[in-house]
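Below is one structure, written out as structure tokens; the observations come after it.
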Amino acid sequence: MGKIFCKPVSLSDQATHYCPGCTHGVIHRLVAEVIDELGVRGRTVGIAPVGCAVLAYNYFTFDFQEAAHGRAPAMATGIKRVRPDLIVFTYQGDGDLASIGMSEIIHAANRGEKFTTVFVNNAVYGMTGGQMAPTTMPNQRTTTSPFGRNVEEVGMPIKVAELISALETPAFISRQSVIKPKYVVRAKKAIKRAFQYQIEKRCFSLVEVVSTCPTNWGMTPVEAVQWAEDVMHPYYQLGDKKSPDPIKDKED
């Protein structure tokens, strides 16, 4: 009997360092599957900055670079401009991209750089101790907001997908989720479209992925999935936000 399901060639055999219930591993798998299906593994370069995904190079079988905190888009810009034949993507968390790296991603998108960004939004700084991030939900407790995020003092969570979608420069911007199988299927479609647009040299692309962080949320993995669906999804609404083609995949 032949195999109908197997590990992607682009995914290594490295044991994960991520916490139980963390969805980084799911997203890694989706990226690897897409790279395999598009047949571009031999010319793909990934870039991860400081954060939970700083060791992402352990999990893929293609070239990977590390960037300074928030500076992955700058490194991606340099690599893509010098070697436009390569498929370049950044893999960034919300504490990285939406905080110290906000200007980097905004200007890269506004310039229309032809690389892809996979943006993991778990509403907290994961690696450094669970501090409040720009994406932390109202009243959400973190190590630096033990009484909950006070929006009157620090403002509302930043909706990165909508923010970048407001730029005039053509781009593919989508927000998806990986907390349940039905969302995983949609997330893979969006990630594949993002890479396809890069292969076609059409536009900058970013896929924001709503994710869980049970450890820093102080929840079990099951509780974290439910909280993400009940609290994060209504605010961070899923679906395509901007596309060089007519938008097809609106969230029901």
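By convention here, the chains of the structure tokens are called A, B, ... in the order presented, each chain's residues are numbered starting at 1, and ligands are numbered starting at 1 in the order presented.
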Any idea what's packed within 10 Å of stretch 143-153 of chain A, counting only C-alpha atoms, ignoring anything in its chain fewer than 2 positions away? Could you give it as a ChimeraX atom specification? /A:124-125,129-133,136-141,155-157,216-217
May I have a table of the residues of stretch 47-129 of chain A lying at most 12 Å from stretch 2-8 of chain A, giving each one's closest pair of atoms and their distance in Å to one decimal, counting only C-alpha atoms, ordered by chain and ascending residue number, as a Markdown table?
| residue | atom | partner | partner_atom | distance |
| --- | --- | --- | --- | --- |
| A:Tyr59 | CA | A:Pro8 | CA | 10.9 |
| A:Phe60 | CA | A:Pro8 | CA | 9.5 |
| A:Thr61 | CA | A:Pro8 | CA | 9.7 |
| A:Phe62 | CA | A:Pro8 | CA | 12.0 |
What would the file look like if the residues just selected were written as a PDB file, in the first residue's frame with C-alpha atoms?
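Result file is out.pdb:
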ATOM      1  CA  TYR A  59      13.229  22.785  11.051  1.00  0.00           C
ATOM      2  CA  PHE A  60      13.697  23.379   7.321  1.00  0.00           C
ATOM      3  CA  THR A  61      15.965  21.785   4.741  1.00  0.00           C
ATOM      4  CA  PHE A  62      16.633  24.921   2.723  1.00  0.00           C
TER       5      PHE A  62
END
Of the candidates A:Ala98, A:Ala72, A:Ile27, A:Leu11, which shows the shortest atom-to-atom distance to A:Val185, using only C-alpha atoms? A:Ile27
Would you compute the distance between atom CA of A:Ala224 and atom CA of A:Tyr183? Give it in Å to one decimal.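 These atoms are spaced 15.2 Å apart.
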Polymer residues at most 9 Å from stretch 103-117 of chain A, only C-alpha atoms, same-chain spacing of 4 or more positions, as a PDB file with N, CA and C atoms, in the first residue's frame:
ATOM      1  N   GLY A  70      13.522  42.514  14.534  1.00  0.00           N
ATOM      2  CA  GLY A  70      12.699  43.390  13.718  1.00  0.00           C
ATOM      3  C   GLY A  70      13.247  43.698  12.345  1.00  0.00           C
ATOM      4  N   ARG A  71      14.457  43.225  12.044  1.00  0.00           N
ATOM      5  CA  ARG A  71      15.121  43.638  10.807  1.00  0.00           C
ATOM      6  C   ARG A  71      15.054  42.604   9.690  1.00  0.00           C
ATOM      7  N   ALA A  72      14.242  41.590   9.849  1.00  0.00           N
ATOM      8  CA  ALA A  72      14.128  40.571   8.801  1.00  0.00           C
ATOM      9  C   ALA A  72      13.709  41.153   7.451  1.00  0.00           C
ATOM     10  N   PRO A  73      12.761  42.107   7.391  1.00  0.00           N
ATOM     11  CA  PRO A  73      12.399  42.673   6.091  1.00  0.00           C
ATOM     12  C   PRO A  73      13.561  43.384   5.398  1.00  0.00           C
ATOM     13  N   ALA A  74      14.434  44.014   6.178  1.00  0.00           N
ATOM     14  CA  ALA A  74      15.596  44.681   5.583  1.00  0.00           C
ATOM     15  C   ALA A  74      16.542  43.656   4.974  1.00  0.00           C
ATOM     16  N   ALA A  76      15.690  40.631   3.995  1.00  0.00           N
ATOM     17  CA  ALA A  76      14.992  40.045   2.846  1.00  0.00           C
ATOM     18  C   ALA A  76      15.085  40.952   1.629  1.00  0.00           C
ATOM     19  N   THR A  77      14.971  42.253   1.857  1.00  0.00           N
ATOM     20  CA  THR A  77      15.084  43.210   0.758  1.00  0.00           C
ATOM     21  C   THR A  77      16.451  43.104   0.090  1.00  0.00           C
ATOM     22  N   LYS A  80      16.799  39.698  -1.832  1.00  0.00           N
ATOM     23  CA  LYS A  80      15.942  39.633  -3.019  1.00  0.00           C
ATOM     24  C   LYS A  80      16.427  40.563  -4.120  1.00  0.00           C
ATOM     25  N   ARG A  81      16.961  41.708  -3.752  1.00  0.00           N
ATOM     26  CA  ARG A  81      17.443  42.640  -4.773  1.00  0.00           C
ATOM     27  C   ARG A  81      18.743  42.151  -5.412  1.00  0.00           C
ATOM     28  N   PRO A  84      17.326  38.246  -7.341  1.00  0.00           N
ATOM     29  CA  PRO A  84      15.878  38.227  -7.590  1.00  0.00           C
ATOM     30  C   PRO A  84      15.354  36.866  -8.018  1.00  0.00           C
ATOM     31  N   ILE A  87      13.610  32.664  -3.948  1.00  0.00           N
ATOM     32  CA  ILE A  87      12.324  32.815  -3.265  1.00  0.00           C
ATOM     33  C   ILE A  87      12.641  33.124  -1.811  1.00  0.00           C
ATOM     34  N   VAL A  88      12.316  34.324  -1.374  1.00  0.00           N
ATOM     35  CA  VAL A  88      12.724  34.829  -0.064  1.00  0.00           C
ATOM     36  C   VAL A  88      11.486  35.079   0.800  1.00  0.00           C
ATOM     37  N   PHE A  89      11.543  34.614   2.043  1.00  0.00           N
ATOM     38  CA  PHE A  89      10.431  34.915   2.955  1.00  0.00           C
ATOM     39  C   PHE A  89      10.955  35.192   4.353  1.00  0.00           C
ATOM     40  N   THR A  90      10.233  36.032   5.072  1.00  0.00           N
ATOM     41  CA  THR A  90      10.516  36.271   6.479  1.00  0.00           C
ATOM     42  C   THR A  90       9.470  35.547   7.310  1.00  0.00           C
ATOM     43  N   TYR A  91       9.892  35.075   8.483  1.00  0.00           N
ATOM     44  CA  TYR A  91       8.999  34.387   9.407  1.00  0.00           C
ATOM     45  C   TYR A  91       9.091  35.130  10.726  1.00  0.00           C
ATOM     46  N   GLN A  92       8.054  35.912  11.069  1.00  0.00           N
ATOM     47  CA  GLN A  92       8.154  36.856  12.186  1.00  0.00           C
ATOM     48  C   GLN A  92       6.964  36.774  13.129  1.00  0.00           C
ATOM     49  N   LEU A  97       7.636  41.878  14.553  1.00  0.00           N
ATOM     50  CA  LEU A  97       7.174  42.636  13.387  1.00  0.00           C
ATOM     51  C   LEU A  97       6.358  43.865  13.751  1.00  0.00           C
ATOM     52  N   ALA A  98       5.458  43.737  14.721  1.00  0.00           N
ATOM     53  CA  ALA A  98       4.521  44.827  15.025  1.00  0.00           C
ATOM     54  C   ALA A  98       5.062  45.830  16.028  1.00  0.00           C
ATOM     55  N   SER A  99       6.268  45.588  16.562  1.00  0.00           N
ATOM     56  CA  SER A  99       6.849  46.512  17.537  1.00  0.00           C
ATOM     57  C   SER A  99       8.145  47.099  16.992  1.00  0.00           C
ATOM     58  N   LEU A 163      -3.596  47.507   8.488  1.00  0.00           N
ATOM     59  CA  LEU A 163      -2.681  48.643   8.411  1.00  0.00           C
ATOM     60  C   LEU A 163      -1.899  48.616   7.098  1.00  0.00           C
ATOM     61  N   ILE A 164      -1.336  47.472   6.761  1.00  0.00           N
ATOM     62  CA  ILE A 164      -0.556  47.369   5.533  1.00  0.00           C
ATOM     63  C   ILE A 164      -1.456  47.407   4.307  1.00  0.00           C
ATOM     64  N   LEU A 167      -2.001  50.752   2.412  1.00  0.00           N
ATOM     65  CA  LEU A 167      -0.998  51.323   1.518  1.00  0.00           C
ATOM     66  C   LEU A 167      -1.472  51.247   0.070  1.00  0.00           C
ATOM     67  N   GLU A 168      -1.068  52.195  -0.737  1.00  0.00           N
ATOM     68  CA  GLU A 168      -1.483  52.230  -2.137  1.00  0.00           C
ATOM     69  C   GLU A 168      -0.763  51.179  -2.979  1.00  0.00           C
ATOM     70  N   THR A 169       0.435  50.786  -2.568  1.00  0.00           N
ATOM     71  CA  THR A 169       1.227  49.840  -3.351  1.00  0.00           C
ATOM     72  C   THR A 169       0.523  48.491  -3.447  1.00  0.00           C
ATOM     73  N   PRO A 170       0.465  47.901  -4.626  1.00  0.00           N
ATOM     74  CA  PRO A 170      -0.166  46.588  -4.771  1.00  0.00           C
ATOM     75  C   PRO A 170       0.483  45.541  -3.874  1.00  0.00           C
ATOM     76  N   ALA A 171      -0.322  44.661  -3.309  1.00  0.00           N
ATOM     77  CA  ALA A 171       0.185  43.627  -2.402  1.00  0.00           C
ATOM     78  C   ALA A 171      -0.879  42.559  -2.216  1.00  0.00           C
ATOM     79  N   ILE A 191      -1.070  30.977   2.224  1.00  0.00           N
ATOM     80  CA  ILE A 191       0.392  30.940   2.161  1.00  0.00           C
ATOM     81  C   ILE A 191       0.854  30.543   0.760  1.00  0.00           C
ATOM     82  N   ALA A 194       0.513  33.457  -1.510  1.00  0.00           N
ATOM     83  CA  ALA A 194       1.545  34.460  -1.232  1.00  0.00           C
ATOM     84  C   ALA A 194       2.848  34.108  -1.941  1.00  0.00           C
ATOM     85  N   PHE A 195       3.244  32.852  -1.854  1.00  0.00           N
ATOM     86  CA  PHE A 195       4.477  32.427  -2.530  1.00  0.00           C
ATOM     87  C   PHE A 195       4.298  32.430  -4.050  1.00  0.00           C
ATOM     88  N   TYR A 197       2.497  34.485  -5.833  1.00  0.00           N
ATOM     89  CA  TYR A 197       2.635  35.866  -6.295  1.00  0.00           C
ATOM     90  C   TYR A 197       4.110  36.262  -6.365  1.00  0.00           C
ATOM     91  N   GLN A 198       4.918  35.762  -5.422  1.00  0.00           N
ATOM     92  CA  GLN A 198       6.341  36.069  -5.482  1.00  0.00           C
ATOM     93  C   GLN A 198       6.991  35.381  -6.685  1.00  0.00           C
ATOM     94  N   ILE A 199       6.651  34.122  -6.912  1.00  0.00           N
ATOM     95  CA  ILE A 199       7.200  33.398  -8.058  1.00  0.00           C
ATOM     96  C   ILE A 199       6.879  34.133  -9.362  1.00  0.00           C
ATOM     97  N   LYS A 201       6.546  37.249  -9.585  1.00  0.00           N
ATOM     98  CA  LYS A 201       7.157  38.573  -9.476  1.00  0.00           C
ATOM     99  C   LYS A 201       6.114  39.694  -9.520  1.00  0.00           C
ATOM    100  N   ARG A 202       4.985  39.450  -8.856  1.00  0.00           N
ATOM    101  CA  ARG A 202       3.871  40.379  -8.949  1.00  0.00           C
ATOM    102  C   ARG A 202       3.817  41.413  -7.838  1.00  0.00           C
ATOM    103  N   CYS A 203       4.099  40.991  -6.575  1.00  0.00           N
ATOM    104  CA  CYS A 203       3.877  41.944  -5.492  1.00  0.00           C
ATOM    105  C   CYS A 203       4.465  41.436  -4.180  1.00  0.00           C
ATOM    106  N   PHE A 204       4.527  42.328  -3.215  1.00  0.00           N
ATOM    107  CA  PHE A 204       4.817  41.965  -1.826  1.00  0.00           C
ATOM    108  C   PHE A 204       3.636  41.154  -1.296  1.00  0.00           C
ATOM    109  N   SER A 205       3.909  40.218  -0.392  1.00  0.00           N
ATOM    110  CA  SER A 205       2.809  39.447   0.182  1.00  0.00           C
ATOM    111  C   SER A 205       3.048  39.187   1.656  1.00  0.00           C
ATOM    112  N   LEU A 206       1.972  39.217   2.431  1.00  0.00           N
ATOM    113  CA  LEU A 206       2.035  38.961   3.876  1.00  0.00           C
ATOM    114  C   LEU A 206       0.821  38.162   4.298  1.00  0.00           C
ATOM    115  N   VAL A 207       1.060  37.078   5.007  1.00  0.00           N
ATOM    116  CA  VAL A 207      -0.027  36.297   5.591  1.00  0.00           C
ATOM    117  C   VAL A 207       0.114  36.354   7.105  1.00  0.00           C
ATOM    118  N   GLU A 208      -0.850  36.991   7.752  1.00  0.00           N
ATOM    119  CA  GLU A 208      -0.904  37.032   9.213  1.00  0.00           C
ATOM    120  C   GLU A 208      -1.637  35.784   9.690  1.00  0.00           C
TER     121      GLU A 208
END
Mind listing the helix (DSSP H, G or I) residues of stretch 35-72 of chain A, per DSSP on the backbone, as number ranges by chain? A: 35-38, 41-43, 52-59, 72
Keeping only C-alpha atoms, take the residues you just selected and write them out as a PDB file, in the first residue's frame.
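Saved to selection.pdb:
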ATOM      1  CA  ILE A  35       7.565  25.049  -0.818  1.00  0.00           C
ATOM      2  CA  ASP A  36       7.526  21.382  -1.856  1.00  0.00           C
ATOM      3  CA  GLU A  37       4.363  21.707  -3.932  1.00  0.00           C
ATOM      4  CA  LEU A  38       5.688  24.750  -5.766  1.00  0.00           C
ATOM      5  CA  ARG A  41      13.071  24.323  -2.311  1.00  0.00           C
ATOM      6  CA  GLY A  42      16.419  24.595  -4.051  1.00  0.00           C
ATOM      7  CA  ARG A  43      16.155  28.367  -4.387  1.00  0.00           C
ATOM      8  CA  CYS A  52      10.288  32.076  19.398  1.00  0.00           C
ATOM      9  CA  ALA A  53      11.111  31.277  15.770  1.00  0.00           C
ATOM     10  CA  VAL A  54      14.764  32.303  16.072  1.00  0.00           C
ATOM     11  CA  LEU A  55      15.690  28.610  15.695  1.00  0.00           C
ATOM     12  CA  ALA A  56      13.477  28.090  12.643  1.00  0.00           C
ATOM     13  CA  TYR A  57      16.518  27.119  10.610  1.00  0.00           C
ATOM     14  CA  ASN A  58      16.554  23.818  12.514  1.00  0.00           C
ATOM     15  CA  TYR A  59      13.229  22.785  11.051  1.00  0.00           C
ATOM     16  CA  ALA A  72      14.128  40.571   8.801  1.00  0.00           C
TER      17      ALA A  72
END
With distances taken over only C-alpha atoms, which of A:Gly39, A:Gly78, A:Pro234, A:Pro214 is nearest to A:Lys192? A:Gly39
Extract, using only C-alpha atoms, all DNA, RNA and protein residues at most 7 Å from A:Thr23, discarding same-chain residues fewer than 4 positions from it, and format them as a PDB file with N, CA and C atoms, in the first residue's frame.
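Now in around.pdb:
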ATOM      1  N   ILE A  27       2.386  25.918  11.467  1.00  0.00           N
ATOM      2  CA  ILE A  27       2.711  26.892  10.429  1.00  0.00           C
ATOM      3  C   ILE A  27       3.976  26.463   9.687  1.00  0.00           C
ATOM      4  N   VAL A 178      -4.734  29.008  12.542  1.00  0.00           N
ATOM      5  CA  VAL A 178      -4.372  27.588  12.502  1.00  0.00           C
ATOM      6  C   VAL A 178      -4.829  26.855  13.764  1.00  0.00           C
ATOM      7  N   SER A 211      -2.555  32.728  16.147  1.00  0.00           N
ATOM      8  CA  SER A 211      -1.949  31.544  16.741  1.00  0.00           C
ATOM      9  C   SER A 211      -2.141  31.538  18.249  1.00  0.00           C
ATOM     10  N   THR A 212      -1.715  30.453  18.883  1.00  0.00           N
ATOM     11  CA  THR A 212      -1.867  30.327  20.333  1.00  0.00           C
ATOM     12  C   THR A 212      -0.519  30.333  21.035  1.00  0.00           C
TER      13      THR A 212
END
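Considering the residues A:Gln196, A:Thr215, A:Asn121, A:Thr142 and counting only C-alpha atoms, A:Tyr236 has its shortest atom-to-atom contact with A:Asn121.
With only C-alpha atoms as the atoms that count, the minimum distance from A:Gln237 to the choices A:Arg193, A:Lys159, A:His24, A:Arg186 is reached by A:Lys159.
Restricting the calculation to only C-alpha atoms, the smallest distance between A:Ile173 and any of A:Ala123, A:Met219, A:Val118, A:Val154 is found for A:Val118.
Restricting the calculation to only C-alpha atoms, the smallest distance between A:Gly101 and any of A:Arg83, A:Ser10, A:Ala67, A:Gln226 is found for A:Ala67.
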